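Reviewing the structure listed below.
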Amino acid sequence: MSTHREPTESPVINSDGYVPPLAGRDILVCDTTMRDGSHSVAHQFTSDNVRQIAGGLDAAGVNVIEVTHGDGLGGSSFNYGFSAESDFDLLKAARGEIKQAKLAALLLPGIGTLEDLQKATDEGIDLVRVATHCTEADISIEHLHGAKALGLETVGFLMMSHMVGPNRLATEAEIMRDAGADTVYFADSAGALLPHQVTERVEAIRARLGDDMKIGMHAHNNLGSGVPNAIAAAQAGASILDGSCHGLGAGAGNAATEVLSAALDRMGANTSVNTLELIDVAEDIVAEICKGKLPKLDRGSLLLGYAGIYSSFLLHTRRAAERYGVAEAEILLELGRRRVVGGQEDMIIDVAIELSGVQLPD
Amino acid sequence: MSLRCAVIGSGNIGSDLIKKLERSELLTPSLLVGIDPNSDGLKRAREAGIETTHEGVQVLLDRADEFDVVFEATSATVHAANAPKFLEKGLFALDLTPAAVGPYVVPAVNLDLVADQRNLNMVTCGGQATVPIVNAISRVADVSYAEIVATISSRAAGPGTRANIDEFTETTSDAIVKVGGAKRGKAIIVLNPANPPIMMRNTVFAAVDKDADPQAIIDSILEMEQAVKQYVPGYELVAEPQIDRGAGPDGSTKVAVFIRVKGAGDYLPEYAGNLDIITAASIAAAERYAMQHQK
């Protein structure tokens, strides 16, 4: 690893009296390289990988580090892909390296259970993010209550937030707040939002829940606006942003944490992250471990954003396209037409079979 | 003689049961028990000329000799409290909550349980849709692991389901092992809010021994599909079972089966196959009980 270096000054010549837009704002950074990023490596991170990455992120000053199968606790399955190692072994490995950051796990009700959360708590997580589709917040109540009973910090995490308007999103965020979420997040899981739509969503949630409510945003890069979307969220009042090193993650990946951190520096935000150290973590550790698997903004991932499809579907679609000899793009577009939501990965094979024209036996 | 049936719970499941009982030649809907006098379910039953009460289960217990079968469509906690009382009063109980006081019954697999049990649990909607397929595979191959994904329309998921998602996954996983015959089970549930609402969809994945005969597996699954169709007419495979050698964990063969359940449209519209399959399964169990009593 590199020695400690101070961030550089902005090279941009500004007008006299320029005040950067996030001056005076404290922004927290959550890194999900070892959760959402698991999609890029088909959930094959090992405890060794996790130790290296978690140690690097923690030393670089990231505030929250999320470690779980890409689909959360209990995600290891035929439907979402089997993990190389259990969530609990990976959490244990991360816990051993993390000194200052909070260790987080993701839980999707319907996939993971409170029993899984109990085990994750035994491995030392500080925080759980309970995630539902953007219209289904009430299925998180049981788990948010359970998390509070376990003494965890809680995030209510609304996915596929492009599929509802800002006011409905605020209503669902309110359900999570009332169920005990300390922070409410919205995720652009399909990477379909543009910055102005992110701004509207943050503003609607603030208007409903007040300025004291902590709001977070999780951006994907399928339309090339991962970092700009995260920045737009911060400008509109979000106080915690997600990223992953090199953008590792489903579809075209997430906002890259190191790029986000650099942008936050230039926006004048106060963060605890040392951007130069984080760039080294991304380049020297994550890119090395994930060689050949870094996300790309290619046809498939662009179509996810363009058609509003759950980013995690990309690699499963790629495999089904190959298995059934059907074009990846056709499968993706049909999934969009059927308005499938996160978790329905089984529909990918179903669509591929249908498009391949295989007939049912009589 | 038709058996006199009481239904506890006037929500979606209870109301759907009443509709199906009205159609049955072996069963009569004699009483619907609710707690909210203004519930839609109680109102509809009254209009159909069926006795209702909003004063809870005590009404039934006080007149237990007027009934033969009780369907519990409340919650796991309520059934756990009611079950011993039903037993004491000699009522045959079919439990549509995840309480699992009695053994699981999945009609296409183990309907014979009706003969010597007084309380049977109906697993979950997803369990009724998928456990028969797991069983169809395990009767011809060694299933080391089976996993099911049930996707239901948000509109067909009542407040009980929404508040107890873990009970769904845990009960279904348990039945995959105990009735399905897999060594390990996992269940996933997804709610889809699309409008118009989607039909209930289920996918079964199984890891089977690599030497299993693919044709035997497919034949067994297709036979099971017909067996379930006997009591759930809208139950069908949407594609041929997919068999991929070496695609499962540790070199096992992966079997994937895709199922759609179109409801009978009794209380909720056809998309609510999740509701239909669990109520239809409990009616099948009650009818078997009735046939035994006729003998």
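Residue numbering restarts at 1 for every chain of the structure tokens, chains are lettered A, B, ... in their displayed order, and ligands are numbered from 1 as they appear.
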
Could you find all residues in stretch 197-358 of chain A that DSSP calls helix (DSSP H, G or I) from the backbone, and write them as a PyMOL selection string?
-> chain A and resi 197-209+226-236+245-247+257-267+275-289+299-307+313-324+328-337+346-356

May I have a table of the residues of chain A lying at most 10 Å from chain B, giving each one's closest pair of atoms and their distance in Å to one decimal, counting only C-alpha atoms, ordered by chain and ascending residue number, as a Markdown table?
| residue | atom | partner | partner_atom | distance |
| --- | --- | --- | --- | --- |
| A:Gly74 | CA | B:Lys186 | CA | 9.2 |
| A:Gly75 | CA | B:Ile188 | CA | 9.3 |
| A:Ser77 | CA | B:Glu147 | CA | 7.5 |
| A:Phe78 | CA | B:Phe205 | CA | 6.8 |
| A:Asn79 | CA | B:Val149 | CA | 7.8 |
| A:Phe82 | CA | B:Pro249 | CA | 8.1 |
| A:Leu108 | CA | B:Val190 | CA | 9.7 |
| A:Pro109 | CA | B:Ile165 | CA | 6.6 |
| A:Gly110 | CA | B:Ile189 | CA | 4.7 |
| A:Ile111 | CA | B:Ile188 | CA | 5.1 |
| A:Gly112 | CA | B:Asp166 | CA | 8.0 |
| A:Thr113 | CA | B:Asp166 | CA | 5.6 |
| A:Leu114 | CA | B:Asp166 | CA | 7.3 |
| A:Glu115 | CA | B:Asp166 | CA | 8.9 |
| A:Thr132 | CA | B:Leu191 | CA | 9.3 |
| A:His133 | CA | B:Leu191 | CA | 8.1 |
| A:Cys134 | CA | B:Pro193 | CA | 9.4 |
| A:Thr135 | CA | B:Pro193 | CA | 7.1 |
| A:Glu136 | CA | B:Leu191 | CA | 7.6 |
| A:Ala137 | CA | B:Arg162 | CA | 9.5 |
| A:Asp138 | CA | B:Arg162 | CA | 6.7 |
| A:Ile139 | CA | B:Arg162 | CA | 5.0 |
| A:Ser140 | CA | B:Ala163 | CA | 8.2 |
| A:Ile141 | CA | B:Ala163 | CA | 7.2 |
| A:Glu142 | CA | B:Ala163 | CA | 6.3 |
| A:His143 | CA | B:Asp166 | CA | 8.9 |
| A:Met163 | CA | B:Ala194 | CA | 9.8 |
| A:Arg323 | CA | B:Asp244 | CA | 9.9 |
| A:Arg338 | CA | B:Ala194 | CA | 8.4 |
| A:Arg339 | CA | B:Ala194 | CA | 6.4 |
| A:Val340 | CA | B:Asn192 | CA | 7.1 |
| A:Val341 | CA | B:Asn192 | CA | 6.4 |
| A:Gly342 | CA | B:Val190 | CA | 8.1 |
| A:Gly343 | CA | B:Val190 | CA | 6.2 |
| A:Gln344 | CA | B:Val190 | CA | 7.0 |
| A:Glu345 | CA | B:Val149 | CA | 9.3 |
| A:Asp346 | CA | B:Thr203 | CA | 6.7 |
| A:Met347 | CA | B:Thr203 | CA | 8.7 |
| A:Ile349 | CA | B:Ala256 | CA | 9.1 |
| A:Asp350 | CA | B:Phe258 | CA | 7.2 |
| A:Val351 | CA | B:Ala239 | CA | 9.8 |
| A:Ile353 | CA | B:Ala239 | CA | 7.3 |
| A:Glu354 | CA | B:Ala239 | CA | 7.7 |
| A:Val358 | CA | B:Ala239 | CA | 7.9 |
| A:Gln359 | CA | B:Ala239 | CA | 7.3 |
| A:Leu360 | CA | B:Glu240 | CA | 5.1 |
| A:Pro361 | CA | B:Glu240 | CA | 6.6 |
| A:Asp362 | CA | B:Leu222 | CA | 9.4 |

Output for the residues just chosen: C-alpha atoms as a JSON list (two decimals), in the first residue's frame:
[["chain", "number", "residue", "atom", "x", "y", "z"],
["A", 74, "GLY", "CA", -29.29, -16.01, 2.46],
["A", 75, "GLY", "CA", -28.83, -14.99, -1.17],
["A", 77, "SER", "CA", -28.96, -20.08, -4.11],
["A", 78, "PHE", "CA", -29.68, -21.52, -7.53],
["A", 79, "ASN", "CA", -31.76, -18.45, -8.27],
["A", 82, "PHE", "CA", -24.16, -19.84, -4.95],
["A", 108, "LEU", "CA", -34.03, -8.76, 1.63],
["A", 109, "PRO", "CA", -37.19, -10.02, 3.37],
["A", 110, "GLY", "CA", -38.36, -13.03, 1.37],
["A", 111, "ILE", "CA", -34.76, -14.17, 0.84],
["A", 112, "GLY", "CA", -32.99, -13.72, 4.19],
["A", 113, "THR", "CA", -34.62, -14.15, 7.59],
["A", 114, "LEU", "CA", -34.26, -12.83, 11.11],
["A", 115, "GLU", "CA", -32.42, -16.03, 11.92],
["A", 132, "THR", "CA", -37.62, -4.17, -0.39],
["A", 133, "HIS", "CA", -39.06, -3.27, -3.76],
["A", 134, "CYS", "CA", -40.07, 0.39, -3.73],
["A", 135, "THR", "CA", -43.78, -0.39, -3.26],
["A", 136, "GLU", "CA", -43.43, -3.13, -0.64],
["A", 137, "ALA", "CA", -41.94, -1.34, 2.40],
["A", 138, "ASP", "CA", -44.40, -2.98, 4.77],
["A", 139, "ILE", "CA", -42.71, -6.37, 4.40],
["A", 140, "SER", "CA", -39.63, -4.85, 6.09],
["A", 141, "ILE", "CA", -41.42, -3.99, 9.34],
["A", 142, "GLU", "CA", -40.83, -7.42, 10.92],
["A", 143, "HIS", "CA", -37.13, -7.21, 10.09],
["A", 163, "MET", "CA", -40.78, 2.43, -10.76],
["A", 323, "ARG", "CA", -27.54, -21.72, -22.84],
["A", 338, "ARG", "CA", -43.12, -8.10, -18.22],
["A", 339, "ARG", "CA", -42.28, -5.56, -15.51],
["A", 340, "VAL", "CA", -40.31, -8.08, -13.50],
["A", 341, "VAL", "CA", -38.81, -6.84, -10.25],
["A", 342, "GLY", "CA", -35.71, -7.61, -8.25],
["A", 343, "GLY", "CA", -35.61, -11.22, -7.08],
["A", 344, "GLN", "CA", -37.37, -12.65, -10.12],
["A", 345, "GLU", "CA", -34.18, -14.01, -11.63],
["A", 346, "ASP", "CA", -36.04, -17.26, -12.37],
["A", 347, "MET", "CA", -38.02, -15.36, -15.03],
["A", 349, "ILE", "CA", -34.63, -18.68, -17.83],
["A", 350, "ASP", "CA", -38.38, -18.73, -18.38],
["A", 351, "VAL", "CA", -38.17, -15.91, -20.95],
["A", 353, "ILE", "CA", -36.93, -20.79, -23.02],
["A", 354, "GLU", "CA", -39.97, -19.05, -24.45],
["A", 358, "VAL", "CA", -38.95, -24.88, -27.16],
["A", 359, "GLN", "CA", -42.34, -26.58, -27.05],
["A", 360, "LEU", "CA", -43.89, -28.22, -24.03],
["A", 361, "PRO", "CA", -44.23, -31.98, -24.32],
["A", 362, "ASP", "CA", -47.81, -33.20, -24.72]]

Name all residues at most 9 Å from A:Asp280 (count only C-alpha atoms; drop same-chain ones fewer than 3 positions away) and give them as JSON, numbers by chain.
-> {"A": [1, 2, 56, 258, 275, 276, 277, 283, 284, 285]}

Only N, CA and C atoms, please: the residues just picked out, written as a compact mmCIF listing (two decimals), in the first residue's frame.
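After the write, again-v5.txt holds the following:
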# COMPACT_ATOMS: atom_id res chain seq x y z
N MET A 1 0.84 -1.21 0.00
CA MET A 1 0.00 0.00 0.00
C MET A 1 0.87 1.25 0.00
N SER A 2 0.27 2.31 -0.48
CA SER A 2 0.96 3.59 -0.57
C SER A 2 1.10 4.20 0.83
N GLY A 56 -8.26 -2.28 3.42
CA GLY A 56 -7.95 -1.10 2.61
C GLY A 56 -9.01 -0.02 2.75
N GLU A 258 -14.28 5.55 -5.36
CA GLU A 258 -13.12 6.44 -5.42
C GLU A 258 -13.41 7.67 -6.29
N THR A 275 -9.09 10.32 -0.39
CA THR A 275 -9.36 9.91 -1.77
C THR A 275 -8.16 9.22 -2.41
N LEU A 276 -6.97 9.72 -2.20
CA LEU A 276 -5.80 9.11 -2.85
C LEU A 276 -5.59 7.68 -2.36
N GLU A 277 -5.82 7.47 -1.07
CA GLU A 277 -5.67 6.09 -0.55
C GLU A 277 -6.75 5.19 -1.13
N GLU A 283 -7.47 0.38 -7.25
CA GLU A 283 -6.57 -0.04 -8.33
C GLU A 283 -5.70 -1.25 -7.93
N ASP A 284 -5.12 -1.17 -6.75
CA ASP A 284 -4.12 -2.17 -6.37
C ASP A 284 -4.73 -3.42 -5.76
N ILE A 285 -5.91 -3.30 -5.15
CA ILE A 285 -6.51 -4.48 -4.51
C ILE A 285 -7.71 -4.98 -5.32

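Taking only C-alpha atoms, the non-local environment of B:Leu87 within 12 Å (same-chain residues fewer than 2 positions away omitted) comprises B:Leu61, B:Ala64, B:Asp68, B:Val69, B:Val70, B:His79, B:Ala80, B:Ala81, B:Asn82, B:Ala83, B:Pro84, B:Lys85, B:Lys89, B:Gly90, B:Leu91, B:Phe92, B:Ala93, B:Leu94, B:Val101, B:Gly102, B:Gln117, B:Arg118, B:Asn119, B:Leu120.
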
Could you save those same residues with N, CA and C atoms as a PDB file, in the first residue's frame?
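The result, written out as part28.pdb:
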ATOM      1  N   LEU B  61     -66.950 -22.951  19.533  1.00  0.00           N
ATOM      2  CA  LEU B  61     -66.633 -23.932  20.579  1.00  0.00           C
ATOM      3  C   LEU B  61     -67.868 -24.253  21.426  1.00  0.00           C
ATOM      4  N   ALA B  64     -69.948 -26.818  19.422  1.00  0.00           N
ATOM      5  CA  ALA B  64     -69.051 -27.671  18.638  1.00  0.00           C
ATOM      6  C   ALA B  64     -69.747 -28.889  18.038  1.00  0.00           C
ATOM      7  N   ASP B  68     -68.423 -30.423  11.987  1.00  0.00           N
ATOM      8  CA  ASP B  68     -67.531 -31.574  11.815  1.00  0.00           C
ATOM      9  C   ASP B  68     -66.097 -31.137  11.539  1.00  0.00           C
ATOM     10  N   VAL B  69     -65.963 -30.107  10.690  1.00  0.00           N
ATOM     11  CA  VAL B  69     -64.630 -29.699  10.231  1.00  0.00           C
ATOM     12  C   VAL B  69     -64.456 -28.208  10.495  1.00  0.00           C
ATOM     13  N   VAL B  70     -63.262 -27.824  10.921  1.00  0.00           N
ATOM     14  CA  VAL B  70     -62.974 -26.402  11.082  1.00  0.00           C
ATOM     15  C   VAL B  70     -61.737 -26.036  10.263  1.00  0.00           C
ATOM     16  N   HIS B  79     -54.014 -19.847  15.855  1.00  0.00           N
ATOM     17  CA  HIS B  79     -54.264 -21.289  15.709  1.00  0.00           C
ATOM     18  C   HIS B  79     -53.585 -22.093  16.809  1.00  0.00           C
ATOM     19  N   ALA B  80     -52.402 -21.680  17.206  1.00  0.00           N
ATOM     20  CA  ALA B  80     -51.709 -22.400  18.277  1.00  0.00           C
ATOM     21  C   ALA B  80     -52.585 -22.427  19.533  1.00  0.00           C
ATOM     22  N   ALA B  81     -53.304 -21.334  19.779  1.00  0.00           N
ATOM     23  CA  ALA B  81     -54.187 -21.283  20.954  1.00  0.00           C
ATOM     24  C   ALA B  81     -55.461 -22.094  20.732  1.00  0.00           C
ATOM     25  N   ASN B  82     -55.984 -22.094  19.509  1.00  0.00           N
ATOM     26  CA  ASN B  82     -57.254 -22.781  19.230  1.00  0.00           C
ATOM     27  C   ASN B  82     -57.110 -24.293  19.087  1.00  0.00           C
ATOM     28  N   ALA B  83     -55.973 -24.736  18.584  1.00  0.00           N
ATOM     29  CA  ALA B  83     -55.824 -26.143  18.197  1.00  0.00           C
ATOM     30  C   ALA B  83     -56.216 -27.125  19.308  1.00  0.00           C
ATOM     31  N   PRO B  84     -55.720 -26.945  20.549  1.00  0.00           N
ATOM     32  CA  PRO B  84     -56.100 -27.918  21.596  1.00  0.00           C
ATOM     33  C   PRO B  84     -57.609 -27.922  21.866  1.00  0.00           C
ATOM     34  N   LYS B  85     -58.231 -26.765  21.702  1.00  0.00           N
ATOM     35  CA  LYS B  85     -59.683 -26.684  21.953  1.00  0.00           C
ATOM     36  C   LYS B  85     -60.460 -27.444  20.880  1.00  0.00           C
ATOM     37  N   LYS B  89     -62.853 -30.767  21.495  1.00  0.00           N
ATOM     38  CA  LYS B  89     -64.264 -30.782  21.086  1.00  0.00           C
ATOM     39  C   LYS B  89     -64.534 -31.762  19.947  1.00  0.00           C
ATOM     40  N   GLY B  90     -63.498 -32.469  19.522  1.00  0.00           N
ATOM     41  CA  GLY B  90     -63.692 -33.484  18.496  1.00  0.00           C
ATOM     42  C   GLY B  90     -63.824 -32.947  17.079  1.00  0.00           C
ATOM     43  N   LEU B  91     -63.334 -31.728  16.845  1.00  0.00           N
ATOM     44  CA  LEU B  91     -63.413 -31.150  15.500  1.00  0.00           C
ATOM     45  C   LEU B  91     -62.167 -31.513  14.692  1.00  0.00           C
ATOM     46  N   PHE B  92     -62.377 -31.860  13.432  1.00  0.00           N
ATOM     47  CA  PHE B  92     -61.247 -32.122  12.525  1.00  0.00           C
ATOM     48  C   PHE B  92     -60.754 -30.758  12.021  1.00  0.00           C
ATOM     49  N   ALA B  93     -59.458 -30.442  12.250  1.00  0.00           N
ATOM     50  CA  ALA B  93     -58.964 -29.094  11.955  1.00  0.00           C
ATOM     51  C   ALA B  93     -58.000 -29.075  10.782  1.00  0.00           C
ATOM     52  N   LEU B  94     -58.258 -28.152   9.866  1.00  0.00           N
ATOM     53  CA  LEU B  94     -57.325 -27.896   8.763  1.00  0.00           C
ATOM     54  C   LEU B  94     -56.785 -26.489   8.973  1.00  0.00           C
ATOM     55  N   VAL B 101     -49.111 -26.925  13.851  1.00  0.00           N
ATOM     56  CA  VAL B 101     -49.376 -27.738  15.039  1.00  0.00           C
ATOM     57  C   VAL B 101     -49.389 -29.214  14.634  1.00  0.00           C
ATOM     58  N   GLY B 102     -50.078 -29.497  13.537  1.00  0.00           N
ATOM     59  CA  GLY B 102     -50.131 -30.864  13.023  1.00  0.00           C
ATOM     60  C   GLY B 102     -49.173 -31.013  11.851  1.00  0.00           C
ATOM     61  N   GLN B 117     -55.118 -38.405  11.446  1.00  0.00           N
ATOM     62  CA  GLN B 117     -54.729 -37.160  12.116  1.00  0.00           C
ATOM     63  C   GLN B 117     -55.973 -36.343  12.389  1.00  0.00           C
ATOM     64  N   ARG B 118     -55.929 -35.521  13.420  1.00  0.00           N
ATOM     65  CA  ARG B 118     -57.066 -34.647  13.738  1.00  0.00           C
ATOM     66  C   ARG B 118     -56.751 -33.185  13.437  1.00  0.00           C
ATOM     67  N   ASN B 119     -55.491 -32.898  13.114  1.00  0.00           N
ATOM     68  CA  ASN B 119     -55.099 -31.520  12.818  1.00  0.00           C
ATOM     69  C   ASN B 119     -54.021 -31.575  11.747  1.00  0.00           C
ATOM     70  N   LEU B 120     -54.307 -30.968  10.604  1.00  0.00           N
ATOM     71  CA  LEU B 120     -53.334 -30.978   9.511  1.00  0.00           C
ATOM     72  C   LEU B 120     -53.006 -29.548   9.109  1.00  0.00           C
TER      73      LEU B 120
END

If we count only C-alpha atoms, what is near B:Ser75 at a cut-off of 8 Å, once residues fewer than 3 positions away on the same chain are taken out, given as a ChimeraX atom specification?
-> /B:78-79,97-99,160

Got time to write the residues from that selection, N, CA and C atoms, as a PDB file, in the first residue's frame?
ATOM      1  N   VAL B  78     -52.948 -17.431  16.709  1.00  0.00           N
ATOM      2  CA  VAL B  78     -54.338 -17.750  17.033  1.00  0.00           C
ATOM      3  C   VAL B  78     -54.566 -19.255  16.915  1.00  0.00           C
ATOM      4  N   HIS B  79     -54.014 -19.847  15.855  1.00  0.00           N
ATOM      5  CA  HIS B  79     -54.264 -21.289  15.709  1.00  0.00           C
ATOM      6  C   HIS B  79     -53.585 -22.093  16.809  1.00  0.00           C
ATOM      7  N   THR B  97     -52.772 -21.539   8.505  1.00  0.00           N
ATOM      8  CA  THR B  97     -51.770 -20.588   9.006  1.00  0.00           C
ATOM      9  C   THR B  97     -50.422 -21.318   9.050  1.00  0.00           C
ATOM     10  N   PRO B  98     -49.329 -20.609   9.268  1.00  0.00           N
ATOM     11  CA  PRO B  98     -48.038 -21.328   9.384  1.00  0.00           C
ATOM     12  C   PRO B  98     -47.802 -21.927  10.767  1.00  0.00           C
ATOM     13  N   ALA B  99     -48.831 -22.089  11.588  1.00  0.00           N
ATOM     14  CA  ALA B  99     -48.613 -22.576  12.957  1.00  0.00           C
ATOM     15  C   ALA B  99     -47.973 -23.966  12.982  1.00  0.00           C
ATOM     16  N   GLY B 160     -51.571 -10.562   6.554  1.00  0.00           N
ATOM     17  CA  GLY B 160     -50.943 -11.650   7.310  1.00  0.00           C
ATOM     18  C   GLY B 160     -49.644 -12.096   6.668  1.00  0.00           C
TER      19      GLY B 160
END

Using only C-alpha atoms, which residue out of B:Val177, B:Ile35, B:Leu268, B:Leu111 lies closest to B:Gly158?
->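 Comparing B:Val177, B:Ile35, B:Leu268, B:Leu111 against B:Gly158, the winner is B:Leu268.
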
Residues within 8 Å of B:Ala285, only C-alpha atoms, excluding chain neighbours under 3 positions, as a tab-separated table (two decimals) with C-alpha atoms, in the first residue's frame:
chain	number	residue	atom	x	y	z
B	105	VAL	CA	-50.54	-32.18	4.16
B	107	PRO	CA	-52.88	-33.52	-1.25
B	111	LEU	CA	-53.47	-37.14	1.46
B	114	VAL	CA	-56.19	-37.51	6.73
B	281	ALA	CA	-55.72	-28.04	-1.21
B	282	SER	CA	-57.53	-27.73	2.10
B	288	ARG	CA	-61.12	-36.92	1.60
B	289	TYR	CA	-62.10	-36.75	5.27

Between atom CA of B:Gln128 and atom CA of B:Ala73, distance in Å (one decimal) |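 Separation of atom CA of B:Gln128 and atom CA of B:Ala73: 15.5 Å.
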